[in-house]
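To start, the structure itself, in structure tokens.
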Amino acid sequence: MFTTILDILIGGLIMGGIYALIAVGLSLQYGVGRVLNVSHGEFIMLGAFITYSLYTLFGISPLISLVICGPFLFIIAFLIHRTLFQHLRDTSESMDAFEGNSLLASFGLLFIIQNIALLIWKANIRGYSYLVYSVNIFGAVFTTNRLIALLFAVVISLGFYIFLTRARLGKAIRAAAQEPTTAGLSGVNIKQVLAICFGLGALMAGFAGVLISMLYQMQPTMGMEYTIIAVIVVVLGGLGSITGSLIGGFILGLIGSLVTHFDPGLSLVAYYVIFIILLLVKPTGIMGK
Amino acid sequence: MDLSRFNSRRFLVPGLIILILLVLLATLPFYGQDYLVILLTAILMYVILTVSWTIFSGPTRYISLASAAFFGIGVYTMAILGKVLPLPVVIAVGALISFILALCMGLLTLRLRGMYFIIFTFGISELIKNFLLWYETNITNTVGRWVIRVDHDQVYYIMLAIFVALMLTTYFIKHSRWGLALQSIGHSQEAAAHRGINVTMVKVITFAISALFMGAVGAIMATRWAYVDPRIAFNPLLSFMPVMMAIFGGMGQIYGPVIGAAIFAYLEEFLITEFPYHYMLIFGLVLVITIVYLPNGLVGLVQKLWKRSFRGQRTNT
């Protein structure tokens, strides 16, 4: 009994940590940049597959891949925002119109990225094993890679939170999220900050992808599921709230772990039910105003 | 300026074109090849989905991503009832279930705005899909179902009939007080409410009418596919395609979504046969380019060019 609870609890924290990372990225892209990036999951997929290739071809450890994938995806996403989304932002007649247009454009990106990945890695299911030693925690058994993933998820989330609240750039980002115009008047380079936010979202997706590749099998079409989870967590935490996304991620991870314990096929159904009830009862989420 | 001539020409020419097109379409199985009939059935499917999406989302500017839900319900109605009931009845039942679901969804959700509405509608179709997947694997122990086969000429005619009914509905909605009410809701909900429009009722019923056609087209399309599973029937692409096609064609005019869907659907068929491995990639590129360069769609572009050349002529003379 005790080990079962512990099993569900730690399993939930591991899932939750990854969900939190994914959601923070999406939350940043939507909360600050107003881009509901449905291709978010594709960046996760890219992170996972780049890690896979680096590990299987060159023997580069996934933990080193973190510092390769993250920045690489950051640069790609930064450039995409500077060209595509900035253009849409300039030409859309209102913020609502921009939200709609950017959603559709990111849907186009989803196809483009996913199919480039399909051309490179083909449609096969892939995976590798890294650090699969069993560790016994009070009777419940976990593999080392899962615990390392949890550790890194927590460290990255905390680091990111500190960056947003303490660093100068983090403050500029939060200012841009609250009042873009006023932030611009106070000397924040809005275009630069928005592109950085979009890039940071992809950076988070990349980190999550690396951790996911250590734990689960992957295929180029895996992105959509993670995008959906990210959207659910972001709504759960309150659209645009970073803290909400972090907490929401862990809540959803724990719920997922609990449902999976009884019937793995129902975990996605459970997420949607929570999501829809939430939208009906409290659409602003747990941290929403 | 002779207004009467302008008016009669305005109705005569499009009327004639529509009549000729309809006759051509209706007689197609007599002179066209089977391939052409099947291709047009696929194109009509997208046209119907797109136009019925535009009925609601065009004037009100609520982006609904629930098309897959209504379509999939039609598909599953056919898969379950197809062997038991006659074809037209099954299609009607599929349409009706979609209609009722849309009524319930509308009453629950239309107070959500912008992004929340988009996410919610998407969530509903994914919820139905995942629940059905779970139900089929755990309770009925199957994932897919076989659907009755129907002669493809018959499928084509049913599709055409749905299309004509839909176009008439669209026309009457657009040129009635109901359509005006919808448009004023799109511009400003508060102002519309103050004008005495029952905003909720107009929105919910229009949403349900658009779902009705999606359910019908799903039911008939299921017979073309022969085998369906929840991933096929509730494919999220079916929600995104109509949005894309409507934007590509341009939502300002009734024929915009029709043209957009026809071109896009043909493009899809063409790309699948010519570039089976790259087609989704090209598709994604077309999509991004459309949104960036054709915000008002093909029809908007043509109108802009037309106006420009017209104005040019006037300044010259």
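Following the order of the structure tokens, first chain is A, next is B, and so on, with residues numbered from 1 inside each chain and ligands from 1 in the order they appear.
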Margin query: Could you work out which residues of chain B fall inside 7 Å of chain A? Count only C-alpha atoms, and format the result as an MDAnalysis selection string.
Written below: chainID B and resid 120 123 127 130:131 134 280:281 284:285 287:288 291:292
Checklist line | Residue contacts of stretch 6-22 of chain A (8 Å, only C-alpha atoms) excluding same-chain residues fewer than 5 positions away, as a PyMOL selection string | finding: chain A and resi 140-141+146-147+149-150+153-154+156-157+204-205+207-208+211-212+226+229-230+233+245-258+261
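Every protein, DNA or RNA residue with an atom at most 12 Å from A:Val193, where only C-alpha atoms count and chain neighbours fewer than 6 positions away do not, is listed here: Leu28, Gln29, Val32, Gly33, Phe78, His81, Arg82, Gln86, Arg168, Leu169, Gly170, Lys171, Ala172, Ile173, Arg174, Ala175, Ala176, Ala177, Pro180, Ala183, Gly184, Gly187, Gly199 and Leu200 of chain A.
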Expected file contents, prior selection, N, CA and C atoms, as a tab-separated table (two decimals), in the first residue's frame:
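Generated file (part31.tsv):
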```
chain	number	residue	atom	x	y	z
A	28	LEU	N	4.97	31.13	-21.80
A	28	LEU	CA	5.79	32.29	-22.16
A	28	LEU	C	5.44	32.78	-23.56
A	29	GLN	N	5.28	31.84	-24.48
A	29	GLN	CA	4.99	32.21	-25.86
A	29	GLN	C	3.61	32.81	-25.98
A	32	VAL	N	3.22	36.23	-23.15
A	32	VAL	CA	3.91	37.45	-23.53
A	32	VAL	C	3.68	37.76	-25.00
A	33	GLY	N	3.88	36.74	-25.84
A	33	GLY	CA	3.86	37.01	-27.28
A	33	GLY	C	2.51	36.84	-27.93
A	78	PHE	N	13.82	31.92	-32.35
A	78	PHE	CA	14.05	33.37	-32.35
A	78	PHE	C	13.90	33.91	-33.77
A	81	HIS	N	10.33	33.83	-35.04
A	81	HIS	CA	9.52	34.93	-34.53
A	81	HIS	C	9.87	36.25	-35.21
A	82	ARG	N	11.16	36.50	-35.38
A	82	ARG	CA	11.56	37.78	-36.01
A	82	ARG	C	11.00	37.90	-37.41
A	86	GLN	N	6.52	38.28	-36.20
A	86	GLN	CA	6.60	39.74	-36.13
A	86	GLN	C	5.86	40.36	-37.31
A	168	ARG	N	17.55	41.18	-15.22
A	168	ARG	CA	17.05	42.38	-15.88
A	168	ARG	C	16.17	42.01	-17.08
A	169	LEU	N	16.64	41.04	-17.86
A	169	LEU	CA	15.88	40.61	-19.03
A	169	LEU	C	14.54	39.99	-18.61
A	170	GLY	N	14.59	39.22	-17.51
A	170	GLY	CA	13.37	38.61	-16.99
A	170	GLY	C	12.34	39.66	-16.63
A	171	LYS	N	12.82	40.75	-16.01
A	171	LYS	CA	11.90	41.83	-15.64
A	171	LYS	C	11.32	42.49	-16.88
A	172	ALA	N	12.17	42.65	-17.91
A	172	ALA	CA	11.69	43.24	-19.16
A	172	ALA	C	10.61	42.37	-19.77
A	173	ILE	N	10.81	41.05	-19.68
A	173	ILE	CA	9.82	40.11	-20.23
A	173	ILE	C	8.50	40.25	-19.49
A	174	ARG	N	8.58	40.32	-18.16
A	174	ARG	CA	7.32	40.42	-17.40
A	174	ARG	C	6.64	41.76	-17.67
A	175	ALA	N	7.45	42.80	-17.85
A	175	ALA	CA	6.87	44.11	-18.17
A	175	ALA	C	6.15	44.04	-19.52
A	176	ALA	N	6.81	43.38	-20.50
A	176	ALA	CA	6.21	43.28	-21.83
A	176	ALA	C	4.92	42.46	-21.78
A	177	ALA	N	4.87	41.50	-20.86
A	177	ALA	CA	3.67	40.68	-20.74
A	177	ALA	C	2.51	41.51	-20.22
A	180	PRO	N	2.65	45.95	-23.03
A	180	PRO	CA	3.67	46.06	-24.08
A	180	PRO	C	4.00	47.52	-24.43
A	183	ALA	N	5.87	49.25	-21.57
A	183	ALA	CA	7.21	48.66	-21.49
A	183	ALA	C	8.08	49.23	-22.60
A	184	GLY	N	7.51	49.38	-23.79
A	184	GLY	CA	8.25	49.94	-24.91
A	184	GLY	C	8.67	51.36	-24.61
A	187	GLY	N	11.73	51.89	-22.50
A	187	GLY	CA	13.03	51.52	-23.05
A	187	GLY	C	13.22	50.03	-23.26
A	199	GLY	N	11.77	32.30	-28.38
A	199	GLY	CA	12.95	31.45	-28.35
A	199	GLY	C	13.08	30.70	-27.04
A	200	LEU	N	12.82	31.40	-25.92
A	200	LEU	CA	12.90	30.73	-24.61
A	200	LEU	C	11.88	29.61	-24.50
```
Next item on the list: Pick out each residue of stretch 131-304 of chain B that DSSP on the backbone tags as alpha helix (DSSP H); I need them as a PyMOL selection string.
Entry: chain B and resi 131-138+152-174+177-187+189-194+199-225+230-233+237-249+255-274+279-293+297-304
Note to self: I'd like the contact shell of stretch 127-132 of chain A - 12 Å cut-off, only C-alpha atoms, skipping same-chain residues fewer than 4 positions apart - returned as JSON, numbers by chain.
What the structure shows: {"A": [48, 49, 50, 51, 52, 53, 54, 55, 56, 57, 59, 60, 61, 62, 63, 141, 142, 143, 144, 145, 146, 147, 148, 149, 210, 211, 212, 213, 214, 215, 216, 217, 218, 219, 220]}
Got time to write the residues from that selection, N, CA and C atoms, as an mmCIF file, in the first residue's frame?
```
data_model
loop_
_atom_site.group_PDB
_atom_site.id
_atom_site.type_symbol
_atom_site.label_atom_id
_atom_site.label_comp_id
_atom_site.auth_asym_id
_atom_site.auth_seq_id
_atom_site.Cartn_x
_atom_site.Cartn_y
_atom_site.Cartn_z
ATOM 1 N N ALA A 48 14.115 15.806 -28.622
ATOM 2 C CA ALA A 48 14.254 14.379 -28.335
ATOM 3 C C ALA A 48 15.055 13.682 -29.433
ATOM 4 N N PHE A 49 14.761 13.980 -30.682
ATOM 5 C CA PHE A 49 15.427 13.276 -31.777
ATOM 6 C C PHE A 49 16.874 13.711 -31.956
ATOM 7 N N ILE A 50 17.153 15.000 -31.740
ATOM 8 C CA ILE A 50 18.553 15.444 -31.840
ATOM 9 C C ILE A 50 19.373 14.729 -30.772
ATOM 10 N N THR A 51 18.809 14.652 -29.552
ATOM 11 C CA THR A 51 19.495 13.949 -28.474
ATOM 12 C C THR A 51 19.748 12.491 -28.850
ATOM 13 N N TYR A 52 18.717 11.876 -29.422
ATOM 14 C CA TYR A 52 18.816 10.471 -29.829
ATOM 15 C C TYR A 52 19.952 10.284 -30.834
ATOM 16 N N SER A 53 19.983 11.164 -31.842
ATOM 17 C CA SER A 53 21.016 11.031 -32.870
ATOM 18 C C SER A 53 22.402 11.279 -32.293
ATOM 19 N N LEU A 54 22.522 12.313 -31.453
ATOM 20 C CA LEU A 54 23.828 12.618 -30.862
ATOM 21 C C LEU A 54 24.322 11.451 -30.014
ATOM 22 N N TYR A 55 23.381 10.814 -29.300
ATOM 23 C CA TYR A 55 23.765 9.722 -28.413
ATOM 24 C C TYR A 55 24.131 8.465 -29.201
ATOM 25 N N THR A 56 23.288 8.120 -30.189
ATOM 26 C CA THR A 56 23.533 6.864 -30.903
ATOM 27 C C THR A 56 24.655 6.993 -31.931
ATOM 28 N N LEU A 57 24.820 8.180 -32.526
ATOM 29 C CA LEU A 57 25.854 8.325 -33.556
ATOM 30 C C LEU A 57 27.210 8.694 -32.961
ATOM 31 N N GLY A 59 27.758 9.138 -29.409
ATOM 32 C CA GLY A 59 27.908 8.770 -28.013
ATOM 33 C C GLY A 59 27.920 9.958 -27.062
ATOM 34 N N ILE A 60 27.301 11.066 -27.488
ATOM 35 C CA ILE A 60 27.245 12.242 -26.607
ATOM 36 C C ILE A 60 26.148 12.040 -25.573
ATOM 37 N N SER A 61 26.474 12.209 -24.308
ATOM 38 C CA SER A 61 25.511 11.977 -23.239
ATOM 39 C C SER A 61 24.317 12.926 -23.344
ATOM 40 N N PRO A 62 23.097 12.425 -23.103
ATOM 41 C CA PRO A 62 21.903 13.278 -23.157
ATOM 42 C C PRO A 62 22.024 14.517 -22.276
ATOM 43 N N LEU A 63 22.757 14.388 -21.175
ATOM 44 C CA LEU A 63 22.851 15.548 -20.284
ATOM 45 C C LEU A 63 23.693 16.651 -20.917
ATOM 46 N N VAL A 141 10.512 0.948 -6.577
ATOM 47 C CA VAL A 141 11.697 0.863 -7.421
ATOM 48 C C VAL A 141 11.614 1.855 -8.584
ATOM 49 N N PHE A 142 12.679 2.640 -8.751
ATOM 50 C CA PHE A 142 12.732 3.591 -9.863
ATOM 51 C C PHE A 142 14.046 3.429 -10.596
ATOM 52 N N THR A 143 14.059 3.762 -11.881
ATOM 53 C CA THR A 143 15.331 3.737 -12.593
ATOM 54 C C THR A 143 15.995 5.097 -12.448
ATOM 55 N N THR A 144 17.332 5.085 -12.512
ATOM 56 C CA THR A 144 18.095 6.317 -12.298
ATOM 57 C C THR A 144 17.699 7.418 -13.288
ATOM 58 N N ASN A 145 17.480 7.011 -14.567
ATOM 59 C CA ASN A 145 17.205 8.058 -15.566
ATOM 60 C C ASN A 145 15.941 8.857 -15.221
ATOM 61 N N ARG A 146 14.956 8.194 -14.633
ATOM 62 C CA ARG A 146 13.732 8.921 -14.289
ATOM 63 C C ARG A 146 14.004 9.916 -13.166
ATOM 64 N N LEU A 147 14.806 9.487 -12.196
ATOM 65 C CA LEU A 147 15.105 10.399 -11.086
ATOM 66 C C LEU A 147 15.952 11.576 -11.567
ATOM 67 N N ILE A 148 16.889 11.293 -12.479
ATOM 68 C CA ILE A 148 17.702 12.383 -13.026
ATOM 69 C C ILE A 148 16.829 13.354 -13.808
ATOM 70 N N ALA A 149 15.884 12.810 -14.577
ATOM 71 C CA ALA A 149 14.965 13.669 -15.330
ATOM 72 C C ALA A 149 14.191 14.581 -14.387
ATOM 73 N N VAL A 210 14.788 16.610 -24.464
ATOM 74 C CA VAL A 210 15.954 15.817 -24.064
ATOM 75 C C VAL A 210 15.577 14.868 -22.930
ATOM 76 N N LEU A 211 14.868 15.398 -21.916
ATOM 77 C CA LEU A 211 14.490 14.566 -20.768
ATOM 78 C C LEU A 211 13.520 13.472 -21.190
ATOM 79 N N ILE A 212 12.569 13.821 -22.069
ATOM 80 C CA ILE A 212 11.591 12.823 -22.530
ATOM 81 C C ILE A 212 12.300 11.696 -23.275
ATOM 82 N N SER A 213 13.321 12.070 -24.089
ATOM 83 C CA SER A 213 14.011 11.045 -24.876
ATOM 84 C C SER A 213 14.702 10.029 -23.964
ATOM 85 N N MET A 214 15.085 10.472 -22.736
ATOM 86 C CA MET A 214 15.725 9.548 -21.801
ATOM 87 C C MET A 214 14.732 8.537 -21.238
ATOM 88 N N LEU A 215 13.436 8.900 -21.230
ATOM 89 C CA LEU A 215 12.443 8.083 -20.529
ATOM 90 C C LEU A 215 11.544 7.267 -21.441
ATOM 91 N N TYR A 216 11.131 7.869 -22.552
ATOM 92 C CA TYR A 216 10.100 7.207 -23.352
ATOM 93 C C TYR A 216 10.604 6.954 -24.764
ATOM 94 N N GLN A 217 9.853 6.108 -25.479
ATOM 95 C CA GLN A 217 10.135 5.921 -26.898
ATOM 96 C C GLN A 217 9.581 7.108 -27.666
ATOM 97 N N MET A 218 10.120 7.315 -28.868
ATOM 98 C CA MET A 218 9.678 8.514 -29.584
ATOM 99 C C MET A 218 9.471 8.234 -31.060
ATOM 100 N N GLN A 219 8.641 9.075 -31.673
ATOM 101 C CA GLN A 219 8.480 9.057 -33.118
ATOM 102 C C GLN A 219 8.148 10.475 -33.569
ATOM 103 N N PRO A 220 8.382 10.789 -34.853
ATOM 104 C CA PRO A 220 8.239 12.181 -35.282
ATOM 105 C C PRO A 220 6.848 12.775 -35.080
#
```
Check: Quick one, how far is atom CA of B:Leu112 from atom CA of A:Val38?
Finding: 19.9 Å
Item checked: Close residues, B:Phe99 itself excluded, 6 Å, only C-alpha atoms, min 6 positions apart in chain, as number ranges by chain -> B: 208, 211-212
Name the residues in contact with B:Val47 at a cut-off of 12 Å, using only C-alpha atoms, excluding same-chain residues fewer than 6 positions from it; report them as a PDB file with N, CA and C atoms, in the first residue's frame.
```pdb
ATOM      1  N   LEU B  40     -14.330  14.266 -57.122  1.00  0.00           N
ATOM      2  CA  LEU B  40     -15.287  15.334 -56.809  1.00  0.00           C
ATOM      3  C   LEU B  40     -16.004  15.070 -55.489  1.00  0.00           C
ATOM      4  N   THR B  41     -16.228  13.804 -55.162  1.00  0.00           N
ATOM      5  CA  THR B  41     -16.826  13.493 -53.856  1.00  0.00           C
ATOM      6  C   THR B  41     -15.920  13.989 -52.738  1.00  0.00           C
ATOM      7  N   TRP B  53     -18.588  25.474 -41.838  1.00  0.00           N
ATOM      8  CA  TRP B  53     -17.783  26.141 -40.809  1.00  0.00           C
ATOM      9  C   TRP B  53     -17.966  27.649 -40.918  1.00  0.00           C
ATOM     10  N   THR B  54     -17.989  28.143 -42.170  1.00  0.00           N
ATOM     11  CA  THR B  54     -18.069  29.590 -42.386  1.00  0.00           C
ATOM     12  C   THR B  54     -19.426  30.164 -41.987  1.00  0.00           C
ATOM     13  N   MET B 159     -23.865  13.540 -51.677  1.00  0.00           N
ATOM     14  CA  MET B 159     -22.962  14.634 -51.359  1.00  0.00           C
ATOM     15  C   MET B 159     -23.403  15.919 -52.055  1.00  0.00           C
ATOM     16  N   LEU B 160     -23.754  15.779 -53.325  1.00  0.00           N
ATOM     17  CA  LEU B 160     -24.191  16.930 -54.113  1.00  0.00           C
ATOM     18  C   LEU B 160     -25.477  17.521 -53.529  1.00  0.00           C
ATOM     19  N   ILE B 162     -26.474  17.347 -50.399  1.00  0.00           N
ATOM     20  CA  ILE B 162     -26.136  18.055 -49.160  1.00  0.00           C
ATOM     21  C   ILE B 162     -25.535  19.413 -49.502  1.00  0.00           C
ATOM     22  N   PHE B 163     -24.679  19.413 -50.515  1.00  0.00           N
ATOM     23  CA  PHE B 163     -24.008  20.653 -50.926  1.00  0.00           C
ATOM     24  C   PHE B 163     -25.035  21.708 -51.359  1.00  0.00           C
ATOM     25  N   VAL B 164     -25.998  21.300 -52.193  1.00  0.00           N
ATOM     26  CA  VAL B 164     -27.001  22.252 -52.669  1.00  0.00           C
ATOM     27  C   VAL B 164     -27.835  22.773 -51.500  1.00  0.00           C
ATOM     28  N   LEU B 166     -26.937  22.989 -48.463  1.00  0.00           N
ATOM     29  CA  LEU B 166     -26.080  23.863 -47.656  1.00  0.00           C
ATOM     30  C   LEU B 166     -25.946  25.240 -48.285  1.00  0.00           C
ATOM     31  N   MET B 167     -25.754  25.273 -49.622  1.00  0.00           N
ATOM     32  CA  MET B 167     -25.584  26.569 -50.283  1.00  0.00           C
ATOM     33  C   MET B 167     -26.856  27.395 -50.171  1.00  0.00           C
ATOM     34  N   PHE B 213     -24.785  20.029 -40.897  1.00  0.00           N
ATOM     35  CA  PHE B 213     -24.223  19.657 -42.200  1.00  0.00           C
ATOM     36  C   PHE B 213     -22.944  18.842 -42.048  1.00  0.00           C
ATOM     37  N   MET B 214     -22.151  19.182 -41.028  1.00  0.00           N
ATOM     38  CA  MET B 214     -20.913  18.430 -40.818  1.00  0.00           C
ATOM     39  C   MET B 214     -21.212  16.984 -40.460  1.00  0.00           C
ATOM     40  N   VAL B 217     -22.335  15.130 -43.661  1.00  0.00           N
ATOM     41  CA  VAL B 217     -21.241  14.816 -44.584  1.00  0.00           C
ATOM     42  C   VAL B 217     -20.350  13.721 -44.002  1.00  0.00           C
ATOM     43  N   LEU B 238      -9.257  17.472 -39.676  1.00  0.00           N
ATOM     44  CA  LEU B 238     -10.591  17.796 -40.168  1.00  0.00           C
ATOM     45  C   LEU B 238     -11.130  19.064 -39.515  1.00  0.00           C
ATOM     46  N   MET B 241      -8.515  21.939 -41.341  1.00  0.00           N
ATOM     47  CA  MET B 241      -8.663  22.153 -42.783  1.00  0.00           C
ATOM     48  C   MET B 241      -9.739  23.182 -43.152  1.00  0.00           C
ATOM     49  N   PRO B 242     -10.967  23.053 -42.601  1.00  0.00           N
ATOM     50  CA  PRO B 242     -11.990  24.020 -42.987  1.00  0.00           C
ATOM     51  C   PRO B 242     -11.574  25.465 -42.692  1.00  0.00           C
ATOM     52  N   VAL B 243     -10.889  25.676 -41.561  1.00  0.00           N
ATOM     53  CA  VAL B 243     -10.456  27.024 -41.210  1.00  0.00           C
ATOM     54  C   VAL B 243      -9.496  27.536 -42.285  1.00  0.00           C
ATOM     55  N   MET B 244      -8.538  26.670 -42.597  1.00  0.00           N
ATOM     56  CA  MET B 244      -7.527  27.013 -43.581  1.00  0.00           C
ATOM     57  C   MET B 244      -8.134  27.309 -44.934  1.00  0.00           C
ATOM     58  N   MET B 245      -9.044  26.427 -45.350  1.00  0.00           N
ATOM     59  CA  MET B 245      -9.654  26.555 -46.668  1.00  0.00           C
ATOM     60  C   MET B 245     -10.500  27.811 -46.755  1.00  0.00           C
ATOM     61  N   ALA B 246     -11.224  28.099 -45.676  1.00  0.00           N
ATOM     62  CA  ALA B 246     -12.060  29.292 -45.683  1.00  0.00           C
ATOM     63  C   ALA B 246     -11.196  30.541 -45.775  1.00  0.00           C
ATOM     64  N   GLY B 249      -9.741  30.840 -49.304  1.00  0.00           N
ATOM     65  CA  GLY B 249     -10.699  31.316 -50.292  1.00  0.00           C
ATOM     66  C   GLY B 249     -11.133  32.748 -50.028  1.00  0.00           C
ATOM     67  N   ILE B 254     -19.922  34.468 -50.337  1.00  0.00           N
ATOM     68  CA  ILE B 254     -20.383  33.092 -50.172  1.00  0.00           C
ATOM     69  C   ILE B 254     -19.491  32.131 -50.940  1.00  0.00           C
ATOM     70  N   TYR B 255     -19.076  32.541 -52.160  1.00  0.00           N
ATOM     71  CA  TYR B 255     -18.326  31.602 -53.000  1.00  0.00           C
ATOM     72  C   TYR B 255     -16.857  31.501 -52.598  1.00  0.00           C
ATOM     73  N   GLY B 256     -16.385  32.415 -51.738  1.00  0.00           N
ATOM     74  CA  GLY B 256     -14.979  32.367 -51.312  1.00  0.00           C
ATOM     75  C   GLY B 256     -14.585  31.016 -50.721  1.00  0.00           C
ATOM     76  N   PRO B 257     -15.284  30.574 -49.656  1.00  0.00           N
ATOM     77  CA  PRO B 257     -14.932  29.276 -49.046  1.00  0.00           C
ATOM     78  C   PRO B 257     -15.075  28.118 -50.028  1.00  0.00           C
ATOM     79  N   VAL B 258     -16.063  28.220 -50.944  1.00  0.00           N
ATOM     80  CA  VAL B 258     -16.254  27.140 -51.918  1.00  0.00           C
ATOM     81  C   VAL B 258     -15.010  27.018 -52.791  1.00  0.00           C
ATOM     82  N   ILE B 259     -14.561  28.191 -53.312  1.00  0.00           N
ATOM     83  CA  ILE B 259     -13.383  28.181 -54.182  1.00  0.00           C
ATOM     84  C   ILE B 259     -12.149  27.728 -53.406  1.00  0.00           C
ATOM     85  N   GLY B 260     -11.998  28.293 -52.198  1.00  0.00           N
ATOM     86  CA  GLY B 260     -10.839  27.929 -51.374  1.00  0.00           C
ATOM     87  C   GLY B 260     -10.779  26.435 -51.113  1.00  0.00           C
ATOM     88  N   ALA B 261     -11.933  25.861 -50.715  1.00  0.00           N
ATOM     89  CA  ALA B 261     -11.958  24.435 -50.387  1.00  0.00           C
ATOM     90  C   ALA B 261     -11.711  23.595 -51.630  1.00  0.00           C
ATOM     91  N   ALA B 262     -12.311  24.004 -52.750  1.00  0.00           N
ATOM     92  CA  ALA B 262     -12.145  23.216 -53.978  1.00  0.00           C
ATOM     93  C   ALA B 262     -10.679  23.189 -54.393  1.00  0.00           C
ATOM     94  N   ILE B 263     -10.037  24.369 -54.386  1.00  0.00           N
ATOM     95  CA  ILE B 263      -8.627  24.421 -54.791  1.00  0.00           C
ATOM     96  C   ILE B 263      -7.751  23.623 -53.819  1.00  0.00           C
ATOM     97  N   PHE B 264      -7.976  23.848 -52.519  1.00  0.00           N
ATOM     98  CA  PHE B 264      -7.160  23.174 -51.501  1.00  0.00           C
ATOM     99  C   PHE B 264      -7.333  21.666 -51.569  1.00  0.00           C
ATOM    100  N   ALA B 265      -8.593  21.222 -51.728  1.00  0.00           N
ATOM    101  CA  ALA B 265      -8.851  19.778 -51.757  1.00  0.00           C
ATOM    102  C   ALA B 265      -8.211  19.158 -52.993  1.00  0.00           C
ATOM    103  N   TYR B 266      -8.282  19.887 -54.115  1.00  0.00           N
ATOM    104  CA  TYR B 266      -7.653  19.356 -55.321  1.00  0.00           C
ATOM    105  C   TYR B 266      -6.140  19.305 -55.135  1.00  0.00           C
TER     106      TYR B 266
END
```
Next item on the list: Can you pull out every residue within 8 Å of B:Val155, counting only C-alpha atoms, but drop anything in the same chain fewer than 6 positions away, and send it as a ChimeraX atom specification?
Entry: /B:41,220-221,223-224
Checklist line | Point-to-point distance from atom CA of A:Phe98 to atom CA of A:Val35, Å rounded to tenths | finding: 8.1 Å
Check: Restricting the calculation to only C-alpha atoms, which member of A:Val281, A:Ile274, A:Ile5, A:Leu203 is positioned closest to A:Gly25?
Finding: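 Counting only C-alpha atoms, the residue closest to A:Gly25 is A:Leu203.
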Next item on the list: Using only C-alpha atoms, pick whichever of A:Leu164, A:Val259, A:Met45, A:Val234 has the shortest atom-to-atom distance to A:Gly209.
Entry: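 Result for the nearest residue to A:Gly209: A:Met45.
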